[in-house]
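*Asks:* Sending over coords-v2.cif (mmCIF, C-alpha atoms and all ligand atoms).
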data_protein
loop_
_atom_site.group_PDB
_atom_site.id
_atom_site.type_symbol
_atom_site.label_atom_id
_atom_site.label_comp_id
_atom_site.auth_asym_id
_atom_site.auth_seq_id
_atom_site.Cartn_x
_atom_site.Cartn_y
_atom_site.Cartn_z
ATOM 1 C CA MET W 10 0.000 0.000 0.000
ATOM 2 C CA SER W 11 1.273 3.429 -0.901
ATOM 3 C CA GLU W 12 0.801 6.044 1.796
ATOM 4 C CA HIS W 13 0.187 9.761 1.334
ATOM 5 C CA GLN W 14 3.631 11.321 1.549
ATOM 6 C CA GLY W 15 2.995 14.864 2.779
ATOM 7 C CA ILE W 16 5.945 16.770 1.305
ATOM 8 C CA PHE W 17 8.427 13.901 1.599
ATOM 9 C CA SER W 18 9.943 12.972 -1.765
ATOM 10 C CA SER W 19 11.918 9.827 -0.918
ATOM 11 C CA PRO W 20 10.101 6.579 -1.766
ATOM 12 C CA ALA W 21 11.857 5.038 1.234
ATOM 13 C CA ILE W 22 9.767 7.222 3.556
ATOM 14 C CA GLN W 23 6.860 4.754 3.229
ATOM 15 C CA ASP W 24 8.070 2.668 6.162
ATOM 16 C CA TYR W 25 7.986 5.722 8.403
ATOM 17 C CA LEU W 26 4.546 6.788 7.199
ATOM 18 C CA SER W 27 2.977 3.376 7.730
ATOM 19 C CA ALA W 28 4.554 2.561 11.108
ATOM 20 C CA GLY W 29 1.905 1.865 13.730
ATOM 21 C CA ALA W 30 1.521 3.830 16.932
ATOM 22 C CA LYS W 31 -0.005 3.098 20.276
ATOM 23 C CA MET W 32 -2.563 5.737 21.165
ATOM 24 C CA SER W 33 -3.836 6.471 24.627
ATOM 25 C CA THR W 34 -7.053 8.338 25.270
ATOM 26 C CA GLU W 35 -8.268 10.070 28.406
ATOM 27 C CA GLN W 36 -11.735 11.491 28.992
ATOM 28 C CA LEU W 37 -11.641 15.108 30.176
ATOM 29 C CA SER W 38 -15.376 15.772 30.518
ATOM 30 C CA GLN W 39 -18.629 14.236 29.422
ATOM 31 C CA ARG W 40 -18.081 15.466 25.848
ATOM 32 C CA LEU W 41 -14.328 15.972 25.607
ATOM 33 C CA TRP W 42 -11.373 13.581 25.228
ATOM 34 C CA THR W 43 -7.626 13.958 24.759
ATOM 35 C CA VAL W 44 -5.510 11.475 22.831
ATOM 36 C CA SER W 45 -1.749 11.059 22.547
ATOM 37 C CA ASP W 46 0.640 8.852 20.567
ATOM 38 C CA GLY W 47 3.164 9.202 23.406
ATOM 39 C CA LYS W 48 4.522 12.529 22.162
ATOM 40 C CA TYR W 49 1.920 14.449 20.169
ATOM 41 C CA ARG W 50 -1.420 15.231 21.740
ATOM 42 C CA THR W 51 -4.780 16.521 20.581
ATOM 43 C CA ILE W 52 -8.465 16.616 21.595
ATOM 44 C CA PHE W 53 -11.854 15.619 20.214
ATOM 45 C CA LEU W 54 -15.485 16.212 21.225
ATOM 46 C CA GLU W 55 -18.715 14.313 20.986
ATOM 47 C CA ALA W 56 -21.366 16.388 19.196
ATOM 48 C CA ASP W 57 -25.062 15.553 18.742
ATOM 49 C CA HIS W 58 -24.707 13.169 15.790
ATOM 50 C CA SER W 59 -20.995 13.342 14.997
ATOM 51 C CA VAL W 60 -17.500 13.946 16.332
ATOM 52 C CA VAL W 61 -15.522 17.205 16.176
ATOM 53 C CA ALA W 62 -11.791 16.488 16.139
ATOM 54 C CA PHE W 63 -8.739 18.712 16.271
ATOM 55 C CA ASP W 64 -5.837 17.876 13.945
ATOM 56 C CA THR W 65 -4.869 14.500 12.498
ATOM 57 C CA PHE W 66 -1.460 13.434 13.893
ATOM 58 C CA GLY W 67 1.597 13.398 11.667
ATOM 59 C CA THR W 68 1.556 10.248 9.537
ATOM 60 C CA PRO W 69 -1.172 8.303 7.692
ATOM 61 C CA ALA W 70 -0.829 5.383 10.120
ATOM 62 C CA ARG W 71 -1.171 7.673 13.126
ATOM 63 C CA ALA W 72 -4.156 9.397 11.512
ATOM 64 C CA ARG W 73 -5.832 5.986 11.107
ATOM 65 C CA ALA W 74 -4.970 5.053 14.687
ATOM 66 C CA TYR W 75 -6.523 8.351 15.827
ATOM 67 C CA ALA W 76 -9.725 7.556 13.900
ATOM 68 C CA ALA W 77 -9.817 4.059 15.410
ATOM 69 C CA GLU W 78 -9.381 5.476 18.903
ATOM 70 C CA ILE W 79 -12.312 7.856 18.394
ATOM 71 C CA ALA W 80 -14.496 5.046 17.044
ATOM 72 C CA LYS W 81 -13.667 3.050 20.161
ATOM 73 C CA VAL W 82 -14.773 5.689 22.683
ATOM 74 C CA ILE W 83 -17.598 7.263 20.600
ATOM 75 C CA PRO W 84 -18.955 4.368 18.564
ATOM 76 C CA GLY W 85 -21.413 5.057 15.774
ATOM 77 C CA LYS W 86 -20.692 8.765 15.315
ATOM 78 C CA PRO W 87 -18.549 9.785 12.318
ATOM 79 C CA VAL W 88 -15.925 12.535 12.436
ATOM 80 C CA LYS W 89 -17.673 15.250 10.466
ATOM 81 C CA THR W 90 -15.576 18.251 11.513
ATOM 82 C CA VAL W 91 -11.788 18.495 11.662
ATOM 83 C CA ILE W 92 -10.251 21.702 13.000
ATOM 84 C CA TYR W 93 -6.637 22.400 12.087
ATOM 85 C CA SER W 94 -4.882 24.091 15.012
ATOM 86 C CA HIS W 95 -2.268 25.309 12.516
ATOM 87 C CA ASP W 96 -0.798 24.353 9.167
ATOM 88 C CA HIS W 97 2.024 22.037 10.257
ATOM 89 C CA ILE W 98 2.037 18.587 8.698
ATOM 90 C CA ASP W 99 3.197 16.849 11.880
ATOM 91 C CA HIS W 100 -0.087 17.872 13.547
ATOM 92 C CA ALA W 101 -2.561 18.438 10.725
ATOM 93 C CA GLY W 102 -1.127 16.746 7.641
ATOM 94 C CA PHE W 103 -3.249 13.676 7.074
ATOM 95 C CA ALA W 104 -6.979 14.334 7.133
ATOM 96 C CA ALA W 105 -7.187 12.224 3.955
ATOM 97 C CA ASP W 106 -6.339 9.210 6.134
ATOM 98 C CA PHE W 107 -8.236 10.382 9.191
ATOM 99 C CA ALA W 108 -11.639 11.665 8.039
ATOM 100 C CA PRO W 109 -11.692 12.117 4.249
ATOM 101 C CA ASP W 110 -15.286 13.359 4.100
ATOM 102 C CA ALA W 111 -15.168 15.805 7.003
ATOM 103 C CA GLU W 112 -15.538 19.565 6.886
ATOM 104 C CA ILE W 113 -12.094 21.074 7.433
ATOM 105 C CA VAL W 114 -12.098 24.212 9.561
ATOM 106 C CA ALA W 115 -9.068 26.493 9.989
ATOM 107 C CA ASP W 116 -7.939 30.077 10.059
ATOM 108 C CA GLU W 117 -7.906 31.780 6.650
ATOM 109 C CA MET W 118 -4.099 32.081 6.671
ATOM 110 C CA THR W 119 -3.755 28.378 7.372
ATOM 111 C CA ALA W 120 -6.159 27.746 4.499
ATOM 112 C CA LYS W 121 -3.974 29.734 2.110
ATOM 113 C CA VAL W 122 -0.736 28.031 3.108
ATOM 114 C CA ILE W 123 -2.282 24.568 2.835
ATOM 115 C CA ALA W 124 -3.843 25.330 -0.552
ATOM 116 C CA MET W 125 -0.525 26.548 -1.935
ATOM 117 C CA ARG W 126 1.527 23.822 -0.295
ATOM 118 C CA ALA W 127 -0.600 21.002 -1.751
ATOM 119 C CA ALA W 128 0.991 18.386 0.522
ATOM 120 C CA GLU W 129 -0.203 14.884 -0.263
ATOM 121 C CA GLY W 130 -2.769 13.798 2.346
ATOM 122 C CA GLN W 131 -3.316 17.266 3.837
ATOM 123 C CA LEU W 132 -6.879 18.102 2.850
ATOM 124 C CA GLY W 133 -7.732 21.679 1.938
ATOM 125 C CA VAL W 134 -9.789 23.878 4.253
ATOM 126 C CA THR W 135 -13.527 23.956 3.497
ATOM 127 C CA GLN W 136 -14.478 26.523 6.152
ATOM 128 C CA ALA W 137 -11.959 29.329 6.669
ATOM 129 C CA LEU W 138 -12.292 31.593 9.703
ATOM 130 C CA SER W 139 -11.220 35.252 9.709
ATOM 131 C CA GLY W 140 -10.553 37.308 12.795
ATOM 132 C CA THR W 141 -9.563 36.792 16.387
ATOM 133 C CA GLU W 142 -12.475 35.049 18.090
ATOM 134 C CA HIS W 143 -15.241 32.673 17.025
ATOM 135 C CA ARG W 144 -17.945 31.189 19.211
ATOM 136 C CA VAL W 145 -18.573 28.070 17.145
ATOM 137 C CA ASN W 146 -21.260 25.423 17.249
ATOM 138 C CA PHE W 147 -20.576 22.309 15.211
ATOM 139 C CA ASP W 148 -23.509 19.891 15.415
ATOM 140 C CA GLY W 149 -24.348 21.058 18.935
ATOM 141 C CA ALA W 150 -20.758 21.201 20.227
ATOM 142 C CA GLU W 151 -20.158 24.766 21.365
ATOM 143 C CA PHE W 152 -16.815 26.322 22.241
ATOM 144 C CA VAL W 153 -14.549 29.234 21.304
ATOM 145 C CA LEU W 154 -11.736 29.323 18.734
ATOM 146 C CA LEU W 155 -9.126 32.052 19.162
ATOM 147 C CA ASN W 156 -6.378 33.566 17.055
ATOM 148 C CA ARG W 157 -4.987 36.618 18.833
ATOM 149 C CA GLY W 158 -1.995 36.845 16.530
ATOM 150 C CA PRO W 159 0.974 34.815 15.339
ATOM 151 C CA VAL W 160 2.446 32.522 17.982
ATOM 152 C CA HIS W 161 3.351 29.373 16.087
ATOM 153 C CA GLY W 162 2.942 28.261 12.490
ATOM 154 C CA THR W 163 0.491 30.137 10.268
ATOM 155 C CA GLY W 164 -3.028 31.064 11.375
ATOM 156 C CA HIS W 165 -2.773 29.381 14.749
ATOM 157 C CA LEU W 166 -6.076 28.600 16.498
ATOM 158 C CA SER W 167 -6.415 27.837 20.197
ATOM 159 C CA ALA W 168 -9.643 26.589 21.748
ATOM 160 C CA TYR W 169 -11.433 27.509 24.957
ATOM 161 C CA PHE W 170 -14.032 25.267 26.576
ATOM 162 C CA GLU W 171 -15.877 27.409 29.053
ATOM 163 C CA GLU W 172 -17.881 24.751 30.884
ATOM 164 C CA GLU W 173 -14.768 22.570 31.306
ATOM 165 C CA LYS W 174 -12.572 25.566 32.211
ATOM 166 C CA LEU W 175 -10.100 24.083 29.769
ATOM 167 C CA PHE W 176 -7.743 25.664 27.241
ATOM 168 C CA TYR W 177 -6.205 23.801 24.305
ATOM 169 C CA SER W 178 -3.291 25.291 22.405
ATOM 170 C CA SER W 179 -1.189 23.097 20.140
ATOM 171 C CA ASP W 180 2.572 23.610 19.797
ATOM 172 C CA THR W 181 2.760 26.733 21.918
ATOM 173 C CA ILE W 182 3.398 26.402 25.665
ATOM 174 C CA LEU W 183 4.513 23.039 27.096
ATOM 175 C CA ALA W 184 4.539 21.812 30.689
ATOM 176 C CA ASN W 185 8.252 21.051 30.310
ATOM 177 C CA ALA W 186 11.374 22.299 28.505
ATOM 178 C CA ARG W 187 11.196 19.842 25.588
ATOM 179 C CA TYR W 188 10.910 22.527 22.919
ATOM 180 C CA GLY W 189 13.738 21.490 20.647
ATOM 181 C CA PHE W 190 14.689 23.946 17.955
ATOM 182 C CA MET W 191 11.350 25.840 17.917
ATOM 183 C CA PRO W 192 11.055 26.449 14.192
ATOM 184 C CA ASP W 193 8.169 28.695 13.113
ATOM 185 C CA TYR W 194 7.623 30.089 16.619
ATOM 186 C CA HIS W 195 7.119 33.861 16.461
ATOM 187 C CA PHE W 196 9.028 35.218 19.414
ATOM 188 C CA THR W 197 8.329 38.928 18.949
ATOM 189 C CA ASN W 198 4.808 38.492 20.281
ATOM 190 C CA PHE W 199 4.728 34.869 21.461
ATOM 191 C CA VAL W 200 4.769 35.341 25.235
ATOM 192 C CA LYS W 201 2.630 38.476 25.121
ATOM 193 C CA ILE W 202 -0.092 36.732 23.117
ATOM 194 C CA MET W 203 0.088 33.478 25.085
ATOM 195 C CA ARG W 204 -0.156 35.372 28.378
ATOM 196 C CA SER W 205 -3.192 37.229 27.017
ATOM 197 C CA TYR W 206 -5.086 33.921 27.094
ATOM 198 C CA LEU W 207 -4.879 34.022 30.878
ATOM 199 C CA ASP W 208 -7.893 36.329 30.745
ATOM 200 C CA LEU W 209 -9.865 33.120 30.049
ATOM 201 C CA ASP W 210 -11.097 31.305 33.115
ATOM 202 C CA PHE W 211 -9.289 27.998 32.588
ATOM 203 C CA GLU W 212 -7.859 25.582 35.124
ATOM 204 C CA ARG W 213 -6.696 22.776 32.839
ATOM 205 C CA PHE W 214 -4.380 23.259 29.872
ATOM 206 C CA VAL W 215 -3.970 20.749 27.047
ATOM 207 C CA PRO W 216 -0.827 21.349 24.983
ATOM 208 C CA GLY W 217 -0.077 19.813 21.559
ATOM 209 C CA ARG W 218 2.629 17.605 23.017
ATOM 210 C CA TYR W 219 3.260 15.649 26.193
ATOM 211 C CA GLU W 220 1.046 15.662 29.244
ATOM 212 C CA VAL W 221 -2.138 17.506 30.126
ATOM 213 C CA THR W 222 -1.358 20.202 32.647
ATOM 214 C CA ASP W 223 -2.849 23.146 34.491
ATOM 215 C CA ARG W 224 -2.981 26.915 34.595
ATOM 216 C CA ASN W 225 0.056 27.303 36.850
ATOM 217 C CA ARG W 226 2.264 25.202 34.587
ATOM 218 C CA PHE W 227 1.000 27.252 31.627
ATOM 219 C CA ILE W 228 2.112 30.413 33.440
ATOM 220 C CA GLU W 229 5.451 28.797 34.237
ATOM 221 C CA GLY W 230 5.807 27.899 30.544
ATOM 222 C CA CYS W 231 5.317 31.558 29.591
ATOM 223 C CA ASP W 232 7.840 32.552 32.269
ATOM 224 C CA TYR W 233 10.381 30.052 30.908
ATOM 225 C CA ILE W 234 10.241 31.300 27.312
ATOM 226 C CA GLU W 235 10.391 34.909 28.488
ATOM 227 C CA ALA W 236 13.384 34.184 30.737
ATOM 228 C CA MET W 237 15.055 32.314 27.880
ATOM 229 C CA GLN W 238 14.584 35.342 25.611
ATOM 230 C CA LEU W 239 16.131 37.675 28.198
ATOM 231 C CA THR W 240 19.003 35.271 28.912
ATOM 232 C CA CYS W 241 19.785 34.902 25.217
ATOM 233 C CA GLN W 242 20.080 38.691 24.974
ATOM 234 C CA LYS W 243 22.422 38.613 27.971
ATOM 235 C CA ALA W 244 24.553 36.093 26.084
ATOM 236 C CA PHE W 245 25.236 38.764 23.448
ATOM 237 C CA ILE W 246 26.269 41.214 26.170
ATOM 238 C CA SER W 247 28.580 38.585 27.691
ATOM 239 C CA PHE W 248 30.118 37.766 24.282
ATOM 240 C CA VAL W 249 29.200 34.105 24.557
ATOM 241 C CA PRO W 250 29.910 32.386 21.209
ATOM 242 C CA ILE W 251 26.223 32.386 20.328
ATOM 243 C CA TRP W 252 26.607 30.129 17.270
ATOM 244 C CA VAL W 253 28.016 27.267 19.340
ATOM 245 C CA HIS W 254 25.518 24.845 20.818
ATOM 246 C CA ASP W 255 27.556 23.653 23.792
ATOM 247 C CA ALA W 256 28.582 27.184 24.742
ATOM 248 C CA MET W 257 24.976 28.398 24.678
ATOM 249 C CA ALA W 258 23.699 25.298 26.494
ATOM 250 C CA GLY W 259 26.222 25.829 29.283
ATOM 251 C CA TYR W 260 25.441 29.527 29.498
ATOM 252 C CA VAL W 261 21.639 29.258 29.701
ATOM 253 C CA GLN W 262 21.766 26.260 32.034
ATOM 254 C CA ASN W 263 23.971 28.201 34.389
ATOM 255 C CA GLU W 264 21.748 31.277 34.205
ATOM 256 C CA LEU W 265 18.367 29.527 34.346
ATOM 257 C CA GLY W 266 19.082 26.227 36.096
ATOM 258 C CA GLU W 267 18.117 27.376 39.555
ATOM 259 C CA ARG W 268 14.718 28.644 38.439
ATOM 260 C CA PHE W 269 13.841 26.210 35.659
ATOM 261 C CA GLY W 270 16.187 23.219 36.050
ATOM 262 C CA HIS W 271 13.306 21.137 37.431
ATOM 263 C CA LEU W 272 11.489 21.283 34.071
ATOM 264 C CA ASP W 273 11.592 17.937 32.321
ATOM 265 C CA GLY W 274 14.039 18.002 29.400
ATOM 266 C CA PHE W 275 15.783 21.197 30.535
ATOM 267 C CA ASN W 276 19.339 19.857 30.233
ATOM 268 C CA GLU W 277 18.790 18.129 26.886
ATOM 269 C CA HIS W 278 16.752 20.844 25.172
ATOM 270 C CA SER W 279 17.658 24.276 26.509
ATOM 271 C CA GLY W 280 20.774 24.539 24.316
ATOM 272 C CA GLN W 281 18.961 24.188 21.016
ATOM 273 C CA THR W 282 16.132 26.411 22.246
ATOM 274 C CA ALA W 283 18.755 29.066 23.019
ATOM 275 C CA ILE W 284 20.408 28.673 19.606
ATOM 276 C CA ARG W 285 17.041 29.284 17.961
ATOM 277 C CA ILE W 286 16.292 32.321 20.106
ATOM 278 C CA VAL W 287 19.648 33.998 19.500
ATOM 279 C CA HIS W 288 18.866 33.704 15.791
ATOM 280 C CA HIS W 289 15.590 35.509 16.393
ATOM 281 C CA TYR W 290 17.617 38.456 17.686
ATOM 282 C CA LEU W 291 20.251 38.152 14.959
ATOM 283 C CA MET W 292 17.690 38.202 12.167
ATOM 284 C CA GLY W 293 14.959 40.409 13.621
ATOM 285 C CA GLY W 294 12.426 37.598 13.409
ATOM 286 C CA TRP W 295 11.014 35.541 10.574
ATOM 287 C CA GLY W 296 8.742 37.484 8.261
ATOM 288 C CA LEU W 297 5.612 39.496 8.910
ATOM 289 C CA GLU W 298 4.703 37.335 11.906
ATOM 290 C CA ASP W 299 7.563 38.883 13.865
ATOM 291 C CA THR W 300 6.633 42.525 13.457
ATOM 292 C CA PRO W 301 5.280 44.610 16.345
ATOM 293 C CA GLU W 302 1.778 44.860 14.793
ATOM 294 C CA PRO W 303 1.133 41.335 13.581
ATOM 295 C CA GLY W 304 -2.584 42.102 13.317
ATOM 296 C CA ILE W 305 -1.793 42.735 9.667
ATOM 297 C CA LEU W 306 -1.853 38.950 9.302
ATOM 298 C CA LEU W 307 -5.413 38.727 10.529
ATOM 299 C CA ALA W 308 -6.690 40.889 7.693
ATOM 300 C CA ASP W 309 -7.095 39.393 4.245
HETATM 301 ZN ZN ZN E 401 3.629 23.159 14.755
#
Is it possible to express this structure as structure tokens?

*Replies:*
Amino acid sequence: MSEHQGIFSSPAIQDYLSAGAKMSTEQLSQRLWTVSDGKYRTIFLEADHSVVAFDTFGTPARARAYAAEIAKVIPGKPVKTVIYSHDHIDHAGFAADFAPDAEIVADEMTAKVIAMRAAEGQLGVTQALSGTEHRVNFDGAEFVLLNRGPVHGTGHLSAYFEEEKLFYSSDTILANARYGFMPDYHFTNFVKIMRSYLDLDFERFVPGRYEVTDRNRFIEGCDYIEAMQLTCQKAFISFVPIWVHDAMAGYVQNELGERFGHLDGFNEHSGQTAIRIVHHYLMGGWGLEDTPEPGILLAD
């Protein structure tokens, strides 16, 4: 069987795309579940006659495993709505294998990128949303979708579930330091915009990777990225060789270890996070997303 390849071009990638994954699902409320393949995480909801699911996971096999997991906990209701949290293939690349007949909902910028990218298996958006806030109702499932500006990827949507006091935001804040290289994060406004979501009355936070967490760990996550940004600027002042991974890892671990060393993955990941952030300051950001008034991206 030949799998959808996303943007991979090597025929040898098939083994990766078809490799099985063990999913684990946890019920968060009467209507809401979270599911993880051990690293990536997303959510889905039971609606009146169907299921509303966020994202697809990052390979065809994982997309199928996600669909099977939903069918197990909500038998007899098809996935009729898929919401892309953002454009990235590792989260939202394989609706063709997950729910080929579903409505695909996303921000209008996400819709444009996906249409132009034409990645194999990543279905185009059928319902594009414009603006910062949408109180949606898909088949009786009501909640709020939010895009307060560029934080990660293109046209990023977070979701707020008022009755659950729960906030879902994929690939933004984590409850640990396992950020890796942080490509396509928009640091000019990232912490400011993520902190703005604290005006929502949420107690639980579901990130796009790793474990479900709470409001305090969300705040700590904002604090960590902000402290990392300040420490990376200090590295310039101290003439640390900012291009060198080990030098930056040692510098930020020394500066931030006391406050954030307890975060899972801090020692392994803080060096590459720092390398990425110094490049933000070297380059001035990446594109229009990293300008002081990124609202320009919300307009057509
Ligand atoms: Zn992403």

*Asks:* Selected by the PyMOL selection byres (((chain W and resi 21-30) around 6) and not hetatm) in the shown coordinates: which residues, as an MDAnalysis selection string?

*Replies:* chainID W and resid 19:20 31 68:70

*Asks:* Within 12 Å of ligand ZN 401 (chain E), counting only C-alpha atoms and all ligand atoms: which residues, as number ranges by chain?

*Replies:* W: 49-50, 64, 66-67, 93-102, 119, 159-166, 178-182, 188-195, 216-218

*Asks:* Keeping C-alpha atoms for every residue in the selection just given, could you write it to a file as a short mmCIF file (atom, residue, chain, number, x, y, z; two decimals), in the coordinates of the input?

*Replies:*
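Heads up, here's the output in selection-v1.cif:
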data_model
loop_
_atom_site.label_atom_id
_atom_site.label_comp_id
_atom_site.auth_asym_id
_atom_site.auth_seq_id
_atom_site.Cartn_x
_atom_site.Cartn_y
_atom_site.Cartn_z
CA TYR W 49 1.92 14.45 20.17
CA ARG W 50 -1.42 15.23 21.74
CA ASP W 64 -5.84 17.88 13.94
CA PHE W 66 -1.46 13.43 13.89
CA GLY W 67 1.60 13.40 11.67
CA TYR W 93 -6.64 22.40 12.09
CA SER W 94 -4.88 24.09 15.01
CA HIS W 95 -2.27 25.31 12.52
CA ASP W 96 -0.80 24.35 9.17
CA HIS W 97 2.02 22.04 10.26
CA ILE W 98 2.04 18.59 8.70
CA ASP W 99 3.20 16.85 11.88
CA HIS W 100 -0.09 17.87 13.55
CA ALA W 101 -2.56 18.44 10.72
CA GLY W 102 -1.13 16.75 7.64
CA THR W 119 -3.76 28.38 7.37
CA PRO W 159 0.97 34.82 15.34
CA VAL W 160 2.45 32.52 17.98
CA HIS W 161 3.35 29.37 16.09
CA GLY W 162 2.94 28.26 12.49
CA THR W 163 0.49 30.14 10.27
CA GLY W 164 -3.03 31.06 11.38
CA HIS W 165 -2.77 29.38 14.75
CA LEU W 166 -6.08 28.60 16.50
CA SER W 178 -3.29 25.29 22.40
CA SER W 179 -1.19 23.10 20.14
CA ASP W 180 2.57 23.61 19.80
CA THR W 181 2.76 26.73 21.92
CA ILE W 182 3.40 26.40 25.66
CA TYR W 188 10.91 22.53 22.92
CA GLY W 189 13.74 21.49 20.65
CA PHE W 190 14.69 23.95 17.95
CA MET W 191 11.35 25.84 17.92
CA PRO W 192 11.06 26.45 14.19
CA ASP W 193 8.17 28.70 13.11
CA TYR W 194 7.62 30.09 16.62
CA HIS W 195 7.12 33.86 16.46
CA PRO W 216 -0.83 21.35 24.98
CA GLY W 217 -0.08 19.81 21.56
CA ARG W 218 2.63 17.60 23.02
#

*Asks:* Set the distance at 10 Å and use all atoms listed in the file: which residues neighbour Arg126 of chain W once local chain neighbours fewer than 5 positions away are removed? I'd like the list as a PyMOL selection string.

*Replies:* chain W and resi 15-16+96+120-121+131+133

*Asks:* Next, dump the selected residues to file, keeping only C-alpha atoms, as a CSV table (one decimal), in the frame of the given file.

*Replies:*
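Written file, again-v4.csv:
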chain,number,residue,atom,x,y,z
W,15,GLY,CA,3.0,14.9,2.8
W,16,ILE,CA,5.9,16.8,1.3
W,96,ASP,CA,-0.8,24.4,9.2
W,120,ALA,CA,-6.2,27.7,4.5
W,121,LYS,CA,-4.0,29.7,2.1
W,131,GLN,CA,-3.3,17.3,3.8
W,133,GLY,CA,-7.7,21.7,1.9

*Asks:* I'd like the neighbourhood of Tyr169 of chain W as a ChimeraX atom specification, where a residue qualifies if any of its atoms comes within 12 Å (using all atoms listed in the file), though same-chain residues fewer than 4 positions away should be ignored.

*Replies:* /W:41,52,142-145,151-156,173-178,206-215

*Asks:* For the residues in the current selection, export C-alpha atoms as an mmCIF file, in the frame of the given file.

*Replies:*
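The file below, again_31.cif, is the result:
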data_model
loop_
_atom_site.group_PDB
_atom_site.id
_atom_site.type_symbol
_atom_site.label_atom_id
_atom_site.label_comp_id
_atom_site.auth_asym_id
_atom_site.auth_seq_id
_atom_site.Cartn_x
_atom_site.Cartn_y
_atom_site.Cartn_z
ATOM 1 C CA LEU W 41 -14.328 15.972 25.607
ATOM 2 C CA ILE W 52 -8.465 16.616 21.595
ATOM 3 C CA GLU W 142 -12.475 35.049 18.090
ATOM 4 C CA HIS W 143 -15.241 32.673 17.025
ATOM 5 C CA ARG W 144 -17.945 31.189 19.211
ATOM 6 C CA VAL W 145 -18.573 28.070 17.145
ATOM 7 C CA GLU W 151 -20.158 24.766 21.365
ATOM 8 C CA PHE W 152 -16.815 26.322 22.241
ATOM 9 C CA VAL W 153 -14.549 29.234 21.304
ATOM 10 C CA LEU W 154 -11.736 29.323 18.734
ATOM 11 C CA LEU W 155 -9.126 32.052 19.162
ATOM 12 C CA ASN W 156 -6.378 33.566 17.055
ATOM 13 C CA GLU W 173 -14.768 22.570 31.306
ATOM 14 C CA LYS W 174 -12.572 25.566 32.211
ATOM 15 C CA LEU W 175 -10.100 24.083 29.769
ATOM 16 C CA PHE W 176 -7.743 25.664 27.241
ATOM 17 C CA TYR W 177 -6.205 23.801 24.305
ATOM 18 C CA SER W 178 -3.291 25.291 22.405
ATOM 19 C CA TYR W 206 -5.086 33.921 27.094
ATOM 20 C CA LEU W 207 -4.879 34.022 30.878
ATOM 21 C CA ASP W 208 -7.893 36.329 30.745
ATOM 22 C CA LEU W 209 -9.865 33.120 30.049
ATOM 23 C CA ASP W 210 -11.097 31.305 33.115
ATOM 24 C CA PHE W 211 -9.289 27.998 32.588
ATOM 25 C CA GLU W 212 -7.859 25.582 35.124
ATOM 26 C CA ARG W 213 -6.696 22.776 32.839
ATOM 27 C CA PHE W 214 -4.380 23.259 29.872
ATOM 28 C CA VAL W 215 -3.970 20.749 27.047
#

*Asks:* Can you tell me which residues surround Asp255 of chain W at a distance of at most 12 Å, considering only C-alpha atoms, apart from same-chain residues fewer than 3 positions away, and format the answer as a PyMOL selection string?

*Replies:* chain W and resi 249-252+258-262+276-284

*Asks:* Record the distance separating atom CA of Asp116 of chain W and atom CA of Thr197 of chain W, expressed in Å with one decimal.

*Replies:*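 Distance reported for this atom pair: 20.5 Å.
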
*Asks:* To one decimal place, how far is atom CA of Gln39 of chain W from atom CA of Asp57 of chain W in Å?

*Replies:*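 For atom CA of Gln39 of chain W relative to atom CA of Asp57 of chain W, the distance reads 12.5 Å.
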